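Structure file coords-v4.cif; described as mmCIF, C-alpha atoms; chains and numbers go by the auth columns.
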```
data_coords
#
loop_
_atom_site.group_PDB
_atom_site.id
_atom_site.type_symbol
_atom_site.label_atom_id
_atom_site.label_comp_id
_atom_site.label_asym_id
_atom_site.label_seq_id
_atom_site.Cartn_x
_atom_site.Cartn_y
_atom_site.Cartn_z
_atom_site.B_iso_or_equiv
_atom_site.auth_seq_id
_atom_site.auth_asym_id
ATOM 1 C CA MET A 1 0.000 0.000 0.000 0.00 139 Y
ATOM 2 C CA ASN A 2 1.292 3.410 -0.960 0.00 140 Y
ATOM 3 C CA VAL A 3 1.079 5.717 2.059 0.00 141 Y
ATOM 4 C CA ALA A 4 2.752 9.032 2.840 0.00 142 Y
ATOM 5 C CA ILE A 5 3.545 9.344 6.547 0.00 143 Y
ATOM 6 C CA ALA A 6 4.387 12.637 8.244 0.00 144 Y
ATOM 7 C CA GLU A 7 4.750 13.640 11.874 0.00 145 Y
ATOM 8 C CA HIS A 8 3.511 16.936 13.346 0.00 146 Y
ATOM 9 C CA ASP A 9 4.561 17.290 16.997 0.00 147 Y
ATOM 10 C CA HIS A 10 2.801 14.341 18.660 0.00 148 Y
ATOM 11 C CA ILE A 11 0.445 13.580 15.748 0.00 149 Y
ATOM 12 C CA VAL A 12 1.122 11.288 12.777 0.00 150 Y
ATOM 13 C CA THR A 13 -0.635 11.842 9.454 0.00 151 Y
ATOM 14 C CA LEU A 14 -1.126 9.050 6.966 0.00 152 Y
ATOM 15 C CA THR A 15 -2.155 10.048 3.471 0.00 153 Y
ATOM 16 C CA LEU A 16 -3.348 7.056 1.499 0.00 154 Y
ATOM 17 C CA LYS A 17 -2.089 7.156 -2.078 0.00 155 Y
ATOM 18 C CA GLU A 18 -4.611 4.606 -3.331 0.00 156 Y
ATOM 19 C CA GLU A 19 -7.982 5.014 -5.048 0.00 157 Y
ATOM 20 C CA ARG A 20 -9.375 1.964 -3.241 0.00 158 Y
ATOM 21 C CA LEU A 21 -9.287 0.793 0.347 0.00 159 Y
ATOM 22 C CA ASP A 22 -10.568 -2.746 0.135 0.00 160 Y
ATOM 23 C CA ALA A 23 -9.801 -6.419 0.830 0.00 161 Y
ATOM 24 C CA HIS A 24 -6.641 -6.218 -1.298 0.00 162 Y
ATOM 25 C CA ASN A 25 -4.859 -3.578 0.774 0.00 163 Y
ATOM 26 C CA SER A 26 -6.731 -3.048 4.058 0.00 164 Y
ATOM 27 C CA SER A 27 -4.567 -5.558 5.954 0.00 165 Y
ATOM 28 C CA GLU A 28 -1.487 -3.510 4.990 0.00 166 Y
ATOM 29 C CA LEU A 29 -3.088 -0.389 6.472 0.00 167 Y
ATOM 30 C CA LYS A 30 -3.983 -2.305 9.622 0.00 168 Y
ATOM 31 C CA THR A 31 -0.356 -3.487 9.952 0.00 169 Y
ATOM 32 C CA GLN A 32 1.018 0.022 9.423 0.00 170 Y
ATOM 33 C CA LEU A 33 -1.307 1.370 12.111 0.00 171 Y
ATOM 34 C CA LEU A 34 -0.292 -1.389 14.544 0.00 172 Y
ATOM 35 C CA ASN A 35 3.381 -0.575 13.932 0.00 173 Y
ATOM 36 C CA LEU A 36 2.728 3.086 14.727 0.00 174 Y
ATOM 37 C CA PHE A 37 0.898 2.166 17.937 0.00 175 Y
ATOM 38 C CA GLU A 38 3.740 -0.138 18.974 0.00 176 Y
ATOM 39 C CA ASP A 39 6.152 2.778 18.412 0.00 177 Y
ATOM 40 C CA GLY A 40 4.092 4.873 20.841 0.00 178 Y
ATOM 41 C CA LYS A 41 2.318 6.950 18.186 0.00 179 Y
ATOM 42 C CA VAL A 42 -1.295 7.103 19.398 0.00 180 Y
ATOM 43 C CA ASN A 43 -2.648 10.287 17.766 0.00 181 Y
ATOM 44 C CA ILE A 44 -3.242 9.675 14.076 0.00 182 Y
ATOM 45 C CA VAL A 45 -4.942 11.500 11.224 0.00 183 Y
ATOM 46 C CA ILE A 46 -5.743 9.484 8.109 0.00 184 Y
ATOM 47 C CA ASP A 47 -6.235 11.524 4.944 0.00 185 Y
ATOM 48 C CA LEU A 48 -8.553 9.593 2.635 0.00 186 Y
ATOM 49 C CA SER A 49 -8.799 12.266 -0.074 0.00 187 Y
ATOM 50 C CA PRO A 50 -7.401 10.039 -2.892 0.00 188 Y
ATOM 51 C CA VAL A 51 -9.711 7.141 -1.921 0.00 189 Y
ATOM 52 C CA ARG A 52 -12.747 6.832 -4.185 0.00 190 Y
ATOM 53 C CA PHE A 53 -13.949 3.419 -2.994 0.00 191 Y
ATOM 54 C CA ILE A 54 -13.996 1.703 0.393 0.00 192 Y
ATOM 55 C CA ASP A 55 -15.469 -1.686 1.289 0.00 193 Y
ATOM 56 C CA SER A 56 -16.164 -3.467 4.570 0.00 194 Y
ATOM 57 C CA SER A 57 -12.525 -4.602 4.851 0.00 195 Y
ATOM 58 C CA GLY A 58 -11.331 -1.030 4.558 0.00 196 Y
ATOM 59 C CA LEU A 59 -13.876 0.137 7.113 0.00 197 Y
ATOM 60 C CA GLY A 60 -12.803 -2.722 9.387 0.00 198 Y
ATOM 61 C CA ALA A 61 -9.147 -1.644 9.221 0.00 199 Y
ATOM 62 C CA LEU A 62 -10.128 1.904 10.191 0.00 200 Y
ATOM 63 C CA VAL A 63 -12.353 0.703 13.043 0.00 201 Y
ATOM 64 C CA SER A 64 -9.515 -1.518 14.302 0.00 202 Y
ATOM 65 C CA GLY A 65 -7.177 1.474 14.252 0.00 203 Y
ATOM 66 C CA PHE A 66 -9.751 3.600 16.059 0.00 204 Y
ATOM 67 C CA LYS A 67 -10.155 0.978 18.805 0.00 205 Y
ATOM 68 C CA ASN A 68 -6.385 0.581 19.189 0.00 206 Y
ATOM 69 C CA ALA A 69 -5.868 4.348 19.448 0.00 207 Y
ATOM 70 C CA SER A 70 -8.691 4.687 21.977 0.00 208 Y
ATOM 71 C CA SER A 71 -7.381 1.827 24.133 0.00 209 Y
ATOM 72 C CA ARG A 72 -4.020 3.644 24.273 0.00 210 Y
ATOM 73 C CA GLU A 73 -5.709 6.946 25.229 0.00 211 Y
ATOM 74 C CA GLY A 74 -5.043 8.383 21.795 0.00 212 Y
ATOM 75 C CA GLY A 75 -7.224 9.252 18.846 0.00 213 Y
ATOM 76 C CA LEU A 76 -7.677 8.370 15.202 0.00 214 Y
ATOM 77 C CA LYS A 77 -9.375 11.006 13.069 0.00 215 Y
ATOM 78 C CA LEU A 78 -10.229 11.053 9.374 0.00 216 Y
ATOM 79 C CA CYS A 79 -10.217 13.776 6.750 0.00 217 Y
ATOM 80 C CA GLY A 80 -10.741 14.364 3.055 0.00 218 Y
ATOM 81 C CA LEU A 81 -13.587 11.916 2.444 0.00 219 Y
ATOM 82 C CA GLN A 82 -14.889 11.927 -1.123 0.00 220 Y
ATOM 83 C CA SER A 83 -18.665 11.729 -1.552 0.00 221 Y
ATOM 84 C CA GLN A 84 -18.827 7.967 -2.246 0.00 222 Y
ATOM 85 C CA VAL A 85 -16.634 7.174 0.756 0.00 223 Y
ATOM 86 C CA LYS A 86 -18.602 9.572 2.936 0.00 224 Y
ATOM 87 C CA SER A 87 -21.803 7.793 1.866 0.00 225 Y
ATOM 88 C CA MET A 88 -20.387 4.477 3.090 0.00 226 Y
ATOM 89 C CA PHE A 89 -19.627 6.024 6.482 0.00 227 Y
ATOM 90 C CA GLU A 90 -23.166 7.387 6.675 0.00 228 Y
ATOM 91 C CA LEU A 91 -24.732 4.095 5.557 0.00 229 Y
ATOM 92 C CA THR A 92 -22.852 2.177 8.238 0.00 230 Y
ATOM 93 C CA ARG A 93 -23.333 5.003 10.759 0.00 231 Y
ATOM 94 C CA LEU A 94 -19.577 5.140 11.292 0.00 232 Y
ATOM 95 C CA HIS A 95 -19.745 8.913 10.799 0.00 233 Y
ATOM 96 C CA ARG A 96 -21.076 8.899 14.384 0.00 234 Y
ATOM 97 C CA VAL A 97 -17.993 7.018 15.614 0.00 235 Y
ATOM 98 C CA PHE A 98 -15.163 8.829 13.819 0.00 236 Y
ATOM 99 C CA GLU A 99 -14.350 12.505 13.940 0.00 237 Y
ATOM 100 C CA ILE A 100 -14.284 13.487 10.261 0.00 238 Y
ATOM 101 C CA PHE A 101 -12.789 16.747 8.992 0.00 239 Y
ATOM 102 C CA PRO A 102 -12.654 18.426 5.575 0.00 240 Y
ATOM 103 C CA GLY A 103 -8.849 18.618 5.548 0.00 241 Y
ATOM 104 C CA THR A 104 -5.664 17.712 7.383 0.00 242 Y
ATOM 105 C CA GLU A 105 -5.204 21.114 9.037 0.00 243 Y
ATOM 106 C CA GLU A 106 -8.624 20.968 10.708 0.00 244 Y
ATOM 107 C CA ALA A 107 -7.992 17.403 11.890 0.00 245 Y
ATOM 108 C CA LEU A 108 -4.576 18.312 13.323 0.00 246 Y
ATOM 109 C CA ALA A 109 -6.010 21.355 15.107 0.00 247 Y
ATOM 110 C CA SER A 110 -8.668 19.180 16.792 0.00 248 Y
ATOM 111 C CA PHE A 111 -6.103 17.325 18.941 0.00 249 Y
#
```

Represent the structure from my file as structure tokens, please.
Amino acid sequence: MNVAIAEHDHIVTLTLKEERLDAHNSSELKTQLLNLFEDGKVNIVIDLSPVRFIDSSGLGALVSGFKNASSREGGLKLCGLQSQVKSMFELTRLHRVFEIFPGTEEALASF
């Protein structure tokens, strides 16, 4: 999975460089998140702006990351959702679970 990782003070941003977050690459995202948590990085922003499609596997990887961050007293926030991806979050009611922001700057400022 092609991901750009940057660190801003105590917050890590992951920008997915894929058009799809699905069964083919969601386990890679889950592994990358687990590695960050194991390194003590518990505040994470995931920029999904390039992602045009997400399936249940992709949602599952994000939920897993959210639970891991929360259990470590951190947070996982999302930004840049395209309309189709946003619809999936609304359909599954996950927009009530995640804090979702228009862009990275807003997400970073929320910590």

To one decimal place in Å, what is the distance between CA of Asn163 in chain Y and CA of Gly212 in chain Y?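 Computed distance, CA of Asn163 in chain Y to CA of Gly212 in chain Y, equals 24.2 Å.
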
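Between Ser164 in chain Y and the candidates Y:Val183, Y:Val189, Y:Ile149, Y:Met139, the tightest atom-to-atom separation, counting only C-alpha atoms, involves Y:Met139.
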
What does the distance between CA of Gly203 in chain Y and CA of Glu237 in chain Y come to in Å, to one decimal place? 13.2 Å

Pairwise distance for CA of Leu214 in chain Y and CA of Val235 in chain Y, rounded to one decimal in Å: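 Straight-line distance from CA of Leu214 in chain Y to CA of Val235 in chain Y works out to 10.4 Å.
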
Selected residue of minimal separation from Lys179 in chain Y among Y:Thr242, Y:Ser225, Y:Ser248, Y:Asn206, counting all atoms listed in the file: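 Smallest separation from Lys179 in chain Y among the options: Y:Asn206.
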
Tell me which residues the PyMOL selection byres ((chain Y and resi 170-178) around 12) grabs here, as a tab-separated table (two decimals) with C-alpha atoms, keeping the file's coordinate frame.
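part-v2.tsv was written with the following content:
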```tsv
chain	number	residue	atom	x	y	z
Y	139	MET	CA	0.00	0.00	0.00
Y	140	ASN	CA	1.29	3.41	-0.96
Y	141	VAL	CA	1.08	5.72	2.06
Y	142	ALA	CA	2.75	9.03	2.84
Y	143	ILE	CA	3.54	9.34	6.55
Y	144	ALA	CA	4.39	12.64	8.24
Y	145	GLU	CA	4.75	13.64	11.87
Y	148	HIS	CA	2.80	14.34	18.66
Y	149	ILE	CA	0.44	13.58	15.75
Y	150	VAL	CA	1.12	11.29	12.78
Y	151	THR	CA	-0.64	11.84	9.45
Y	152	LEU	CA	-1.13	9.05	6.97
Y	154	LEU	CA	-3.35	7.06	1.50
Y	163	ASN	CA	-4.86	-3.58	0.77
Y	164	SER	CA	-6.73	-3.05	4.06
Y	165	SER	CA	-4.57	-5.56	5.95
Y	166	GLU	CA	-1.49	-3.51	4.99
Y	167	LEU	CA	-3.09	-0.39	6.47
Y	168	LYS	CA	-3.98	-2.31	9.62
Y	169	THR	CA	-0.36	-3.49	9.95
Y	179	LYS	CA	2.32	6.95	18.19
Y	180	VAL	CA	-1.30	7.10	19.40
Y	181	ASN	CA	-2.65	10.29	17.77
Y	182	ILE	CA	-3.24	9.68	14.08
Y	183	VAL	CA	-4.94	11.50	11.22
Y	184	ILE	CA	-5.74	9.48	8.11
Y	199	ALA	CA	-9.15	-1.64	9.22
Y	200	LEU	CA	-10.13	1.90	10.19
Y	201	VAL	CA	-12.35	0.70	13.04
Y	202	SER	CA	-9.52	-1.52	14.30
Y	203	GLY	CA	-7.18	1.47	14.25
Y	204	PHE	CA	-9.75	3.60	16.06
Y	205	LYS	CA	-10.15	0.98	18.80
Y	206	ASN	CA	-6.38	0.58	19.19
Y	207	ALA	CA	-5.87	4.35	19.45
Y	208	SER	CA	-8.69	4.69	21.98
Y	209	SER	CA	-7.38	1.83	24.13
Y	210	ARG	CA	-4.02	3.64	24.27
Y	211	GLU	CA	-5.71	6.95	25.23
Y	212	GLY	CA	-5.04	8.38	21.80
Y	213	GLY	CA	-7.22	9.25	18.85
Y	214	LEU	CA	-7.68	8.37	15.20
```

Which of these residues is nearest to Asp160 in chain Y, using all atoms listed in the file: Y:Ile238, Y:Leu232, Y:Leu197, Y:Leu216?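 Nearest to Asp160 in chain Y: Y:Leu197.
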
Spatial sel., origin (-14.1, 12.8, 2.8), limit 7 Å, all atoms listed in the file, listed as a PyMOL selection string: chain Y and resi 186-187+217-221+223-224+240

Which of these, Y:Lys155, Y:Ala245, Y:His162, Y:Ser194, has the shortest distance to Met226 in chain Y once you count only C-alpha atoms? Y:Ser194

Restricting the calculation to only C-alpha atoms, which member of Y:Thr230, Y:Lys215, Y:Gly198, Y:Gln222 is positioned closest to Asp185 in chain Y?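 Ranked by minimum distance to Asp185 in chain Y, first place goes to Y:Lys215.
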
Can you report as AutoDock Vina command-line options the centre and edge lengths in Å, to one decimal, of an axis-aligned box around the listed atoms of range 237-241 of chain Y padded with 3 Å on each side?
```
--center_x -11.6 --center_y 15.6 --center_z 9.7 --size_x 11.5 --size_y 12.1 --size_z 14.4
```

Which residues would end up in the selection if the PyMOL selection byres ((chain Y and resi 157) around 8) were applied here, given that I need the answer as a ChimeraX atom specification? /Y:155-156,158-159,188-191
